[in-house]
Amino acid sequence: MAGGKNIRVVELFAGVGGFRVGLEAASPRFETVWANQWEPGQSGQWAYKCYAANFGRDGGQANCSNQDIASAVGQVPPHDLLVGGFPCQDYSVASTGARGIEGKKGVLWWSIDQIVRLRRPKFILLENVDRLLKSPAGQRGRDFGIILRCLWDKGYVVEWRVINAADYGLAQRRRRTFIFAAREHTRFHNRLTRLDLEKNGGRWLRTGGFFAPAFPVEASFASPARTVDLEEYADLLDMTQRFSAPFCGAGAMVGGKIYTREVVPQRAEAQPLSALVERGGVDRRYFIPEDELDKWTYMKGPKKIPRVAKKTGHAYIFSEGGIAFPDPLDRPARTMLTSEGSANRSTHVIADPETGRLRILTPVEAERINGFPDGWTDTGMPERQRYFIMGNALVVPLITRMGERILQV
């Protein structure tokens with residue numbers, strides 16, 4: 001990426017543009033030439049409309065397609081960097097019904113794979129839940145192994161890291177898997193290809209790779225090294241049937257050889273919620289009525305509830321621990337979910353700094369927790385959708401740091 005030329009970016013599963021916001025904050029050289037956002041079954045298409053409203057302002061071009069990516073692959077123009085936070089619902093290992101890369105959402109990986117095959121971007125930067133490394137529940141690691149195999153087959157080297165935003169000074173405890181891949185004949189590919197991963201993989205993950213300069217780690221590791229050789233599997237079908245591997249939260253792959261370890265982040269002091277809350281008269285609709293406090297206390301509290309399994313008739317005790325109520329203002333937020341803002345156990349509740357009364361977060365506070373500008377989602381969508389979108393969104397400052405690394409590598 002030397003020479004000061006613009007870096008042509010394609011953004012898939014764009015949401016409200018978290019990758020674009022983060023990359024453009026890193027450098028004006030990042031030029032989004034095309035994006036795609038489509039929410040199946042949603043008539044409002046609120047995220048797409050938000051993307052178009054924000055990036056189409058002042059006569060600018062949103063360059064965003066609003067159709068199923070599987071039908072839009074042929075529209076994707078040539079580009080240097082492919083980015084996307086591909087949908088993750090089917091990667092939940094907590095659900096026994098999750099089908100991973102075979103599920104309704106997981107199959108969207110194959111659209112990414114097709115675009116990579118057709119357009120061969122120099123670099124790829126993807127985001128997913130940390131559970132991707134262990135999906136599906138019955139064959140741990142298979143889905144991530146298939147993704148690595150697809151990229152290896154197309155001539156890419158790969159590095160990945162699970163990053164908790166709060167570990168690096170940000171205001172949310174949100175763990176996500178980030179995957180960076182580089183094509184043949186790039187400097188990054190050449191550097192990693194010359195490396196003996198088995199001997200020097202640890203040093204690469206600590207200091208020499210893509211992530212460590214922006215997200216430093218301690219010299220010691222939290223696990224021994226593990227290696228996997230994809231050449232032991234004939235093809236993707238063979239991997240689908242037999243592959244299982246214990247992937248750690250950091251690793252690299254070159255030539256089908258995989259090196260993975262658990263790294264220990266050099267933690268920075270996280271920004272507390274108190275730095276982000278609105279001041280100056282929050283609307284009363286965000287405050288919890290006195291007659292609903294008992295309901296919230298119960299939702300947030302620990303529980304042991306006798307239940308009977310519908311299929312087997314087996315009796316069991318459903319247990320869950322308590323959640324801080326209210327959420328402490330001197331700590332970063334918990335992971336925001338798509339249910340944020342509703343009467344839900346996972347919804348944040350804070351003591352309003354000015355009145356002391358309990359309330360939920362405002363949409364602007366939810367935007368701030370993810371690093372978006374105030375009012376980014378205030379584009380005509382229902383307020384419930386503003387919370388939903390932020391529950392799906394990236395933590396933007398992480399992408400800015402990765403954009404700066406792309407300029408360096």
# chains A, B, ... in the order shown; residues from 1 in each chain; ligands from 1
call {"tool": "select_by_dssp", "arguments": {"residues": "range 232-399 of chain A", "states": "alpha helix (DSSP H)", "output": "PyMOL selection string"}}
result
chain A and resi 236-242+293-300+363-369+383-392+396-399
call {"tool": "write_last_selection", "arguments": {"atoms": "N, CA and C atoms", "output": "compact mmCIF listing (two decimals), in the first residue's frame"}}
result
# COMPACT_ATOMS: atom_id res chain seq x y z
N LEU A 236 -12.23 -29.77 0.98
CA LEU A 236 -13.21 -29.20 1.90
C LEU A 236 -14.22 -30.24 2.38
N LEU A 237 -14.60 -31.15 1.51
CA LEU A 237 -15.53 -32.19 1.92
C LEU A 237 -14.92 -33.07 3.01
N ASP A 238 -13.66 -33.42 2.84
CA ASP A 238 -12.97 -34.23 3.84
C ASP A 238 -12.90 -33.47 5.16
N MET A 239 -12.63 -32.15 5.10
CA MET A 239 -12.59 -31.35 6.32
C MET A 239 -13.96 -31.29 6.98
N THR A 240 -15.00 -31.13 6.17
CA THR A 240 -16.35 -31.06 6.72
C THR A 240 -16.69 -32.32 7.51
N GLN A 241 -16.19 -33.44 7.04
CA GLN A 241 -16.52 -34.72 7.67
C GLN A 241 -15.63 -35.04 8.87
N ARG A 242 -14.35 -34.62 8.82
CA ARG A 242 -13.40 -35.12 9.83
C ARG A 242 -12.74 -34.05 10.68
N LEU A 293 -39.67 -1.62 39.18
CA LEU A 293 -38.36 -1.92 39.74
C LEU A 293 -38.25 -3.36 40.21
N ASP A 294 -39.33 -3.89 40.80
CA ASP A 294 -39.29 -5.29 41.25
C ASP A 294 -39.08 -6.24 40.08
N LYS A 295 -39.72 -5.97 38.94
CA LYS A 295 -39.55 -6.81 37.75
C LYS A 295 -38.10 -6.79 37.28
N TRP A 296 -37.51 -5.61 37.26
CA TRP A 296 -36.11 -5.50 36.84
C TRP A 296 -35.18 -6.19 37.84
N THR A 297 -35.46 -6.03 39.11
CA THR A 297 -34.64 -6.67 40.14
C THR A 297 -34.66 -8.18 39.97
N TYR A 298 -35.82 -8.73 39.68
CA TYR A 298 -35.93 -10.17 39.47
C TYR A 298 -35.17 -10.60 38.21
N MET A 299 -35.35 -9.86 37.10
CA MET A 299 -34.66 -10.21 35.86
C MET A 299 -33.14 -10.23 36.05
N LYS A 300 -32.63 -9.26 36.77
CA LYS A 300 -31.19 -9.12 36.94
C LYS A 300 -30.61 -10.06 38.00
N PRO A 363 -30.17 6.00 23.10
CA PRO A 363 -29.55 5.59 21.84
C PRO A 363 -28.20 6.27 21.59
N VAL A 364 -28.07 7.52 21.99
CA VAL A 364 -26.78 8.20 21.80
C VAL A 364 -25.70 7.57 22.66
N GLU A 365 -26.03 7.18 23.87
CA GLU A 365 -25.04 6.50 24.72
C GLU A 365 -24.64 5.17 24.12
N ALA A 366 -25.59 4.45 23.54
CA ALA A 366 -25.26 3.19 22.86
C ALA A 366 -24.31 3.44 21.70
N GLU A 367 -24.53 4.51 20.95
CA GLU A 367 -23.62 4.87 19.85
C GLU A 367 -22.22 5.18 20.39
N ARG A 368 -22.14 5.92 21.46
CA ARG A 368 -20.83 6.28 22.03
C ARG A 368 -20.07 5.05 22.49
N ILE A 369 -20.77 4.08 23.07
CA ILE A 369 -20.11 2.87 23.56
C ILE A 369 -19.44 2.12 22.42
N GLU A 383 -36.88 3.86 17.28
CA GLU A 383 -35.84 3.86 18.32
C GLU A 383 -35.39 2.46 18.68
N ARG A 384 -36.32 1.50 18.67
CA ARG A 384 -35.95 0.11 18.96
C ARG A 384 -34.87 -0.37 18.00
N GLN A 385 -34.94 0.05 16.74
CA GLN A 385 -33.95 -0.35 15.75
C GLN A 385 -32.59 0.28 16.01
N ARG A 386 -32.57 1.47 16.58
CA ARG A 386 -31.29 2.11 16.90
C ARG A 386 -30.50 1.25 17.90
N TYR A 387 -31.19 0.72 18.89
CA TYR A 387 -30.54 -0.18 19.84
C TYR A 387 -30.13 -1.49 19.16
N PHE A 388 -31.03 -2.06 18.38
CA PHE A 388 -30.75 -3.33 17.70
C PHE A 388 -29.50 -3.21 16.85
N ILE A 389 -29.39 -2.13 16.10
CA ILE A 389 -28.25 -1.93 15.21
C ILE A 389 -26.95 -1.79 15.99
N MET A 390 -27.00 -1.08 17.11
CA MET A 390 -25.79 -0.94 17.92
C MET A 390 -25.41 -2.27 18.57
N GLY A 391 -26.38 -3.11 18.86
CA GLY A 391 -26.06 -4.44 19.38
C GLY A 391 -25.34 -5.30 18.37
N ASN A 392 -25.52 -5.01 17.10
CA ASN A 392 -24.85 -5.74 16.02
C ASN A 392 -23.56 -5.10 15.57
N VAL A 396 -15.84 0.84 16.72
CA VAL A 396 -15.18 1.53 15.61
C VAL A 396 -13.71 1.83 15.85
N PRO A 397 -13.28 2.29 17.04
CA PRO A 397 -11.85 2.61 17.21
C PRO A 397 -10.92 1.41 16.97
N LEU A 398 -11.41 0.18 17.18
CA LEU A 398 -10.57 -0.98 16.87
C LEU A 398 -10.24 -1.01 15.38
N ILE A 399 -11.23 -0.69 14.54
CA ILE A 399 -11.03 -0.70 13.10
C ILE A 399 -10.08 0.41 12.68
call {"tool": "closest_residue", "arguments": {"among": "A:Leu192, A:Ile305, A:Ala219, A:Val162", "to": "Ala252 in chain A", "atoms": "only C-alpha atoms"}}
result
A:Leu192
call {"tool": "closest_residue", "arguments": {"among": "A:Thr377, A:Ile258, A:Ala62, A:Pro216", "to": "Phe144 in chain A", "atoms": "only C-alpha atoms"}}
result
A:Ile258
call {"tool": "select_by_dssp", "arguments": {"residues": "range 335-373 of chain A", "states": "strand (DSSP E)", "output": "PyMOL selection string"}}
result
chain A and resi 349-351+358-360
call {"tool": "closest_atom_pairs", "arguments": {"of": "range 110-150 of chain A", "to": "range 224-232 of chain A", "cutoff": "10 Å", "atoms": "only C-alpha atoms", "output": "CSV"}}
result
residue,atom,partner,partner_atom,distance
A:Gly145,CA,A:Leu230,CA,8.3
A:Ile146,CA,A:Leu230,CA,9.5
A:Leu148,CA,A:Leu230,CA,8.8
A:Arg149,CA,A:Leu230,CA,7.0
call {"tool": "write_last_selection", "arguments": {"atoms": "N, CA, C and O atoms", "output": "PDB file, in the first residue's frame"}}
result
ATOM      1  N   GLY A 145     -11.767 -23.792  10.563  1.00  0.00           N
ATOM      2  CA  GLY A 145     -10.842 -24.551   9.734  1.00  0.00           C
ATOM      3  C   GLY A 145     -11.207 -24.482   8.262  1.00  0.00           C
ATOM      4  O   GLY A 145     -10.339 -24.372   7.385  1.00  0.00           O
ATOM      5  N   ILE A 146     -12.498 -24.546   7.953  1.00  0.00           N
ATOM      6  CA  ILE A 146     -12.945 -24.447   6.567  1.00  0.00           C
ATOM      7  C   ILE A 146     -12.642 -23.063   5.996  1.00  0.00           C
ATOM      8  O   ILE A 146     -12.205 -22.932   4.845  1.00  0.00           O
ATOM      9  N   LEU A 148     -10.194 -21.092   6.906  1.00  0.00           N
ATOM     10  CA  LEU A 148      -8.752 -21.054   6.655  1.00  0.00           C
ATOM     11  C   LEU A 148      -8.392 -21.838   5.397  1.00  0.00           C
ATOM     12  O   LEU A 148      -7.550 -21.409   4.598  1.00  0.00           O
ATOM     13  N   ARG A 149      -9.020 -22.992   5.213  1.00  0.00           N
ATOM     14  CA  ARG A 149      -8.730 -23.799   4.024  1.00  0.00           C
ATOM     15  C   ARG A 149      -9.117 -23.052   2.745  1.00  0.00           C
ATOM     16  O   ARG A 149      -8.381 -23.073   1.750  1.00  0.00           O
TER      17      ARG A 149
END
call {"tool": "closest_atom_pairs", "arguments": {"of": "range 226-274 of chain A", "to": "range 114-130 of chain A", "cutoff": "12 Å", "atoms": "only C-alpha atoms", "output": "JSON lines"}}
result
{"residue": "A:Phe247", "atom": "CA", "partner": "A:Asp130", "partner_atom": "CA", "distance": 10.7}
{"residue": "A:Cys248", "atom": "CA", "partner": "A:Asp130", "partner_atom": "CA", "distance": 10.1}
{"residue": "A:Gly249", "atom": "CA", "partner": "A:Asp130", "partner_atom": "CA", "distance": 8.0}
{"residue": "A:Ala250", "atom": "CA", "partner": "A:Asp130", "partner_atom": "CA", "distance": 10.8}
call {"tool": "closest_residue", "arguments": {"among": "A:Ala70, A:Val254, A:Asn6, A:Pro136", "to": "Leu151 in chain A", "atoms": "only C-alpha atoms"}}
result
A:Val254
call {"tool": "closest_atom_pairs", "arguments": {"of": "range 247-278 of chain A", "to": "range 321-335 of chain A", "cutoff": "12 Å", "atoms": "only C-alpha atoms", "output": "Markdown table"}}
result
| residue | atom | partner | partner_atom | distance |
| --- | --- | --- | --- | --- |
| A:Glu269 | CA | A:Pro332 | CA | 9.7 |
| A:Ala270 | CA | A:Pro332 | CA | 6.3 |
| A:Gln271 | CA | A:Pro332 | CA | 5.9 |
| A:Pro272 | CA | A:Arg331 | CA | 4.5 |
| A:Leu273 | CA | A:Leu329 | CA | 4.8 |
| A:Ser274 | CA | A:Leu329 | CA | 4.8 |
| A:Ala275 | CA | A:Leu329 | CA | 8.4 |
| A:Leu276 | CA | A:Leu329 | CA | 9.4 |
| A:Val277 | CA | A:Leu329 | CA | 8.8 |
call {"tool": "atom_distance", "arguments": {"atom1": "CA of Ser342 in chain A", "atom2": "CA of Arg359 in chain A"}}
result
11.4 Å
call {"tool": "closest_residue", "arguments": {"among": "A:Leu407, A:Ala166, A:Gly281, A:Ile147", "to": "Arg29 in chain A", "atoms": "only C-alpha atoms"}}
result
A:Leu407
call {"tool": "residues_around", "arguments": {"residues": "Ser220 in chain A", "least_positions_apart": "6", "cutoff": "12 Å", "atoms": "only C-alpha atoms", "output": "PyMOL selection string"}}
result
chain A and resi 202-203+205-206+261-266
call {"tool": "write_last_selection", "arguments": {"atoms": "N, CA and C atoms", "output": "tab-separated table (two decimals), in the first residue's frame"}}
result
chain	number	residue	atom	x	y	z
A	202	GLY	N	5.49	-17.91	17.86
A	202	GLY	CA	5.24	-17.14	19.06
A	202	GLY	C	5.75	-15.72	18.95
A	203	ARG	N	6.95	-15.56	18.42
A	203	ARG	CA	7.51	-14.22	18.24
A	203	ARG	C	6.66	-13.41	17.26
A	205	LEU	N	3.41	-13.66	16.73
A	205	LEU	CA	2.18	-13.23	17.39
A	205	LEU	C	2.44	-12.14	18.43
A	206	ARG	N	3.62	-12.18	19.06
A	206	ARG	CA	3.94	-11.18	20.09
A	206	ARG	C	4.36	-9.85	19.51
A	261	ARG	N	-2.01	-20.00	19.66
A	261	ARG	CA	-1.75	-19.91	21.10
A	261	ARG	C	-2.69	-18.89	21.71
A	262	GLU	N	-2.81	-18.97	23.03
A	262	GLU	CA	-3.55	-17.95	23.77
A	262	GLU	C	-2.58	-16.87	24.21
A	263	VAL	N	-2.80	-15.65	23.76
A	263	VAL	CA	-1.95	-14.53	24.15
A	263	VAL	C	-2.58	-13.80	25.34
A	264	VAL	N	-1.75	-13.01	26.02
A	264	VAL	CA	-2.21	-12.23	27.18
A	264	VAL	C	-2.10	-10.76	26.82
A	265	PRO	N	-3.21	-10.04	26.73
A	265	PRO	CA	-3.15	-8.64	26.32
A	265	PRO	C	-2.44	-7.76	27.35
A	266	GLN	N	-1.70	-6.77	26.85
A	266	GLN	CA	-1.18	-5.72	27.73
A	266	GLN	C	-2.32	-4.73	27.94
call {"tool": "residues_around", "arguments": {"residues": "Asp352 in chain A", "least_positions_apart": "5", "cutoff": "9 Å", "atoms": "only C-alpha atoms", "output": "list in words"}}
result
Val277, Glu278, Arg279, Val282, Phe287, Arg357, Leu358, Arg359 and Ile360 of chain A
call {"tool": "closest_residue", "arguments": {"among": "A:Asn200, A:Gln75, A:Asn66, A:Thr186", "to": "Ile406 in chain A", "atoms": "only C-alpha atoms"}}
result
A:Thr186
call {"tool": "residues_around", "arguments": {"residues": "Lys5 in chain A", "least_positions_apart": "4", "cutoff": "12 Å", "atoms": "only C-alpha atoms", "output": "ChimeraX atom specification"}}
result
/A:1,27-31,80,407
call {"tool": "atom_distance", "arguments": {"atom1": "CA of Tyr233 in chain A", "atom2": "CA of Ser111 in chain A"}}
result
22.9 Å
call {"tool": "closest_residue", "arguments": {"among": "A:Thr379, A:Trp160, A:Glu404, A:Arg142", "to": "Lys49 in chain A", "atoms": "only C-alpha atoms"}}
result
A:Thr379
call {"tool": "atom_distance", "arguments": {"atom1": "CA of Glu290 in chain A", "atom2": "CA of Asn344 in chain A"}}
result
16.6 Å
call {"tool": "decode", "arguments": {"residues": "range 71-85 of chain A", "atoms": "all heavy atoms", "output": "CSV table (one decimal), in the first residue's frame"}}
result
chain,number,residue,atom,x,y,z
A,71,SER,N,-27.0,-12.7,-4.5
A,71,SER,CA,-27.4,-12.3,-5.9
A,71,SER,C,-26.6,-11.1,-6.4
A,71,SER,O,-26.8,-10.7,-7.5
A,71,SER,CB,-28.9,-12.0,-5.9
A,71,SER,OG,-29.2,-10.9,-5.0
A,72,ALA,N,-25.8,-10.6,-5.6
A,72,ALA,CA,-25.0,-9.3,-5.9
A,72,ALA,C,-23.6,-9.6,-6.1
A,72,ALA,O,-22.8,-8.6,-6.4
A,72,ALA,CB,-25.3,-8.3,-4.9
A,73,VAL,N,-23.1,-10.8,-6.0
A,73,VAL,CA,-21.6,-11.1,-6.1
A,73,VAL,C,-21.1,-10.5,-7.4
A,73,VAL,O,-20.0,-9.9,-7.5
A,73,VAL,CB,-21.4,-12.6,-6.0
A,73,VAL,CG1,-20.0,-12.9,-6.4
A,73,VAL,CG2,-21.6,-13.1,-4.6
A,74,GLY,N,-21.8,-10.7,-8.5
A,74,GLY,CA,-21.3,-10.2,-9.8
A,74,GLY,C,-21.2,-8.7,-9.9
A,74,GLY,O,-20.5,-8.2,-10.8
A,75,GLN,N,-21.8,-7.9,-9.0
A,75,GLN,CA,-21.7,-6.5,-9.0
A,75,GLN,C,-20.4,-5.9,-8.3
A,75,GLN,O,-20.1,-4.8,-8.4
A,75,GLN,CB,-22.9,-5.9,-8.3
A,75,GLN,CG,-24.2,-6.3,-8.9
A,75,GLN,CD,-25.4,-5.7,-8.0
A,75,GLN,OE1,-25.2,-4.8,-7.3
A,75,GLN,NE2,-26.5,-6.4,-8.2
A,76,VAL,N,-19.7,-6.8,-7.5
A,76,VAL,CA,-18.6,-6.3,-6.7
A,76,VAL,C,-17.5,-5.9,-7.7
A,76,VAL,O,-17.0,-6.7,-8.5
A,76,VAL,CB,-18.1,-7.4,-5.8
A,76,VAL,CG1,-16.9,-6.9,-5.0
A,76,VAL,CG2,-19.3,-7.9,-4.9
A,77,PRO,N,-17.0,-4.6,-7.6
A,77,PRO,CA,-16.0,-4.1,-8.4
A,77,PRO,C,-14.6,-4.5,-8.0
A,77,PRO,O,-14.4,-5.0,-6.8
A,77,PRO,CB,-16.1,-2.6,-8.3
A,77,PRO,CG,-16.7,-2.4,-6.9
A,77,PRO,CD,-17.5,-3.6,-6.6
A,78,PRO,N,-13.6,-4.4,-8.8
A,78,PRO,CA,-12.2,-4.6,-8.3
A,78,PRO,C,-11.9,-3.8,-7.1
A,78,PRO,O,-12.3,-2.6,-7.0
A,78,PRO,CB,-11.3,-4.2,-9.5
A,78,PRO,CG,-12.3,-4.3,-10.7
A,78,PRO,CD,-13.6,-3.9,-10.2
A,79,HIS,N,-11.1,-4.3,-6.2
A,79,HIS,CA,-10.8,-3.6,-4.9
A,79,HIS,C,-9.5,-4.2,-4.3
A,79,HIS,O,-9.0,-5.2,-4.7
A,79,HIS,CB,-11.9,-3.7,-3.9
A,79,HIS,CG,-12.4,-5.1,-3.6
A,79,HIS,ND1,-13.1,-5.9,-4.5
A,79,HIS,CD2,-12.1,-5.9,-2.5
A,79,HIS,CE1,-13.3,-7.1,-3.9
A,79,HIS,NE2,-12.7,-7.1,-2.7
A,80,ASP,N,-9.0,-3.4,-3.4
A,80,ASP,CA,-7.7,-3.8,-2.7
A,80,ASP,C,-7.9,-4.4,-1.4
A,80,ASP,O,-7.2,-5.3,-0.9
A,80,ASP,CB,-6.8,-2.5,-2.5
A,80,ASP,CG,-6.6,-1.8,-3.8
A,80,ASP,OD1,-6.0,-2.4,-4.7
A,80,ASP,OD2,-7.0,-0.6,-3.9
A,81,LEU,N,-9.0,-4.0,-0.7
A,81,LEU,CA,-9.3,-4.5,0.7
A,81,LEU,C,-10.7,-4.9,0.8
A,81,LEU,O,-11.6,-4.1,0.5
A,81,LEU,CB,-9.0,-3.4,1.7
A,81,LEU,CG,-9.3,-3.6,3.1
A,81,LEU,CD1,-8.6,-4.7,3.8
A,81,LEU,CD2,-9.1,-2.3,4.0
A,82,LEU,N,-11.0,-6.1,1.2
A,82,LEU,CA,-12.3,-6.6,1.5
A,82,LEU,C,-12.6,-6.6,3.0
A,82,LEU,O,-11.8,-7.3,3.7
A,82,LEU,CB,-12.5,-8.0,0.8
A,82,LEU,CG,-13.9,-8.6,1.0
A,82,LEU,CD1,-14.9,-7.9,0.2
A,82,LEU,CD2,-13.8,-10.1,0.6
A,83,VAL,N,-13.6,-6.0,3.4
A,83,VAL,CA,-13.9,-6.0,4.9
A,83,VAL,C,-15.4,-6.4,5.1
A,83,VAL,O,-16.2,-6.3,4.2
A,83,VAL,CB,-13.7,-4.6,5.5
A,83,VAL,CG1,-12.2,-4.2,5.3
A,83,VAL,CG2,-14.6,-3.6,5.0
A,84,GLY,N,-15.6,-7.0,6.3
A,84,GLY,CA,-17.0,-7.3,6.6
A,84,GLY,C,-17.1,-8.0,7.9
A,84,GLY,O,-16.3,-8.8,8.3
A,85,GLY,N,-18.2,-7.7,8.6
A,85,GLY,CA,-18.6,-8.4,9.9
A,85,GLY,C,-19.7,-9.4,9.5
A,85,GLY,O,-20.8,-9.1,9.6
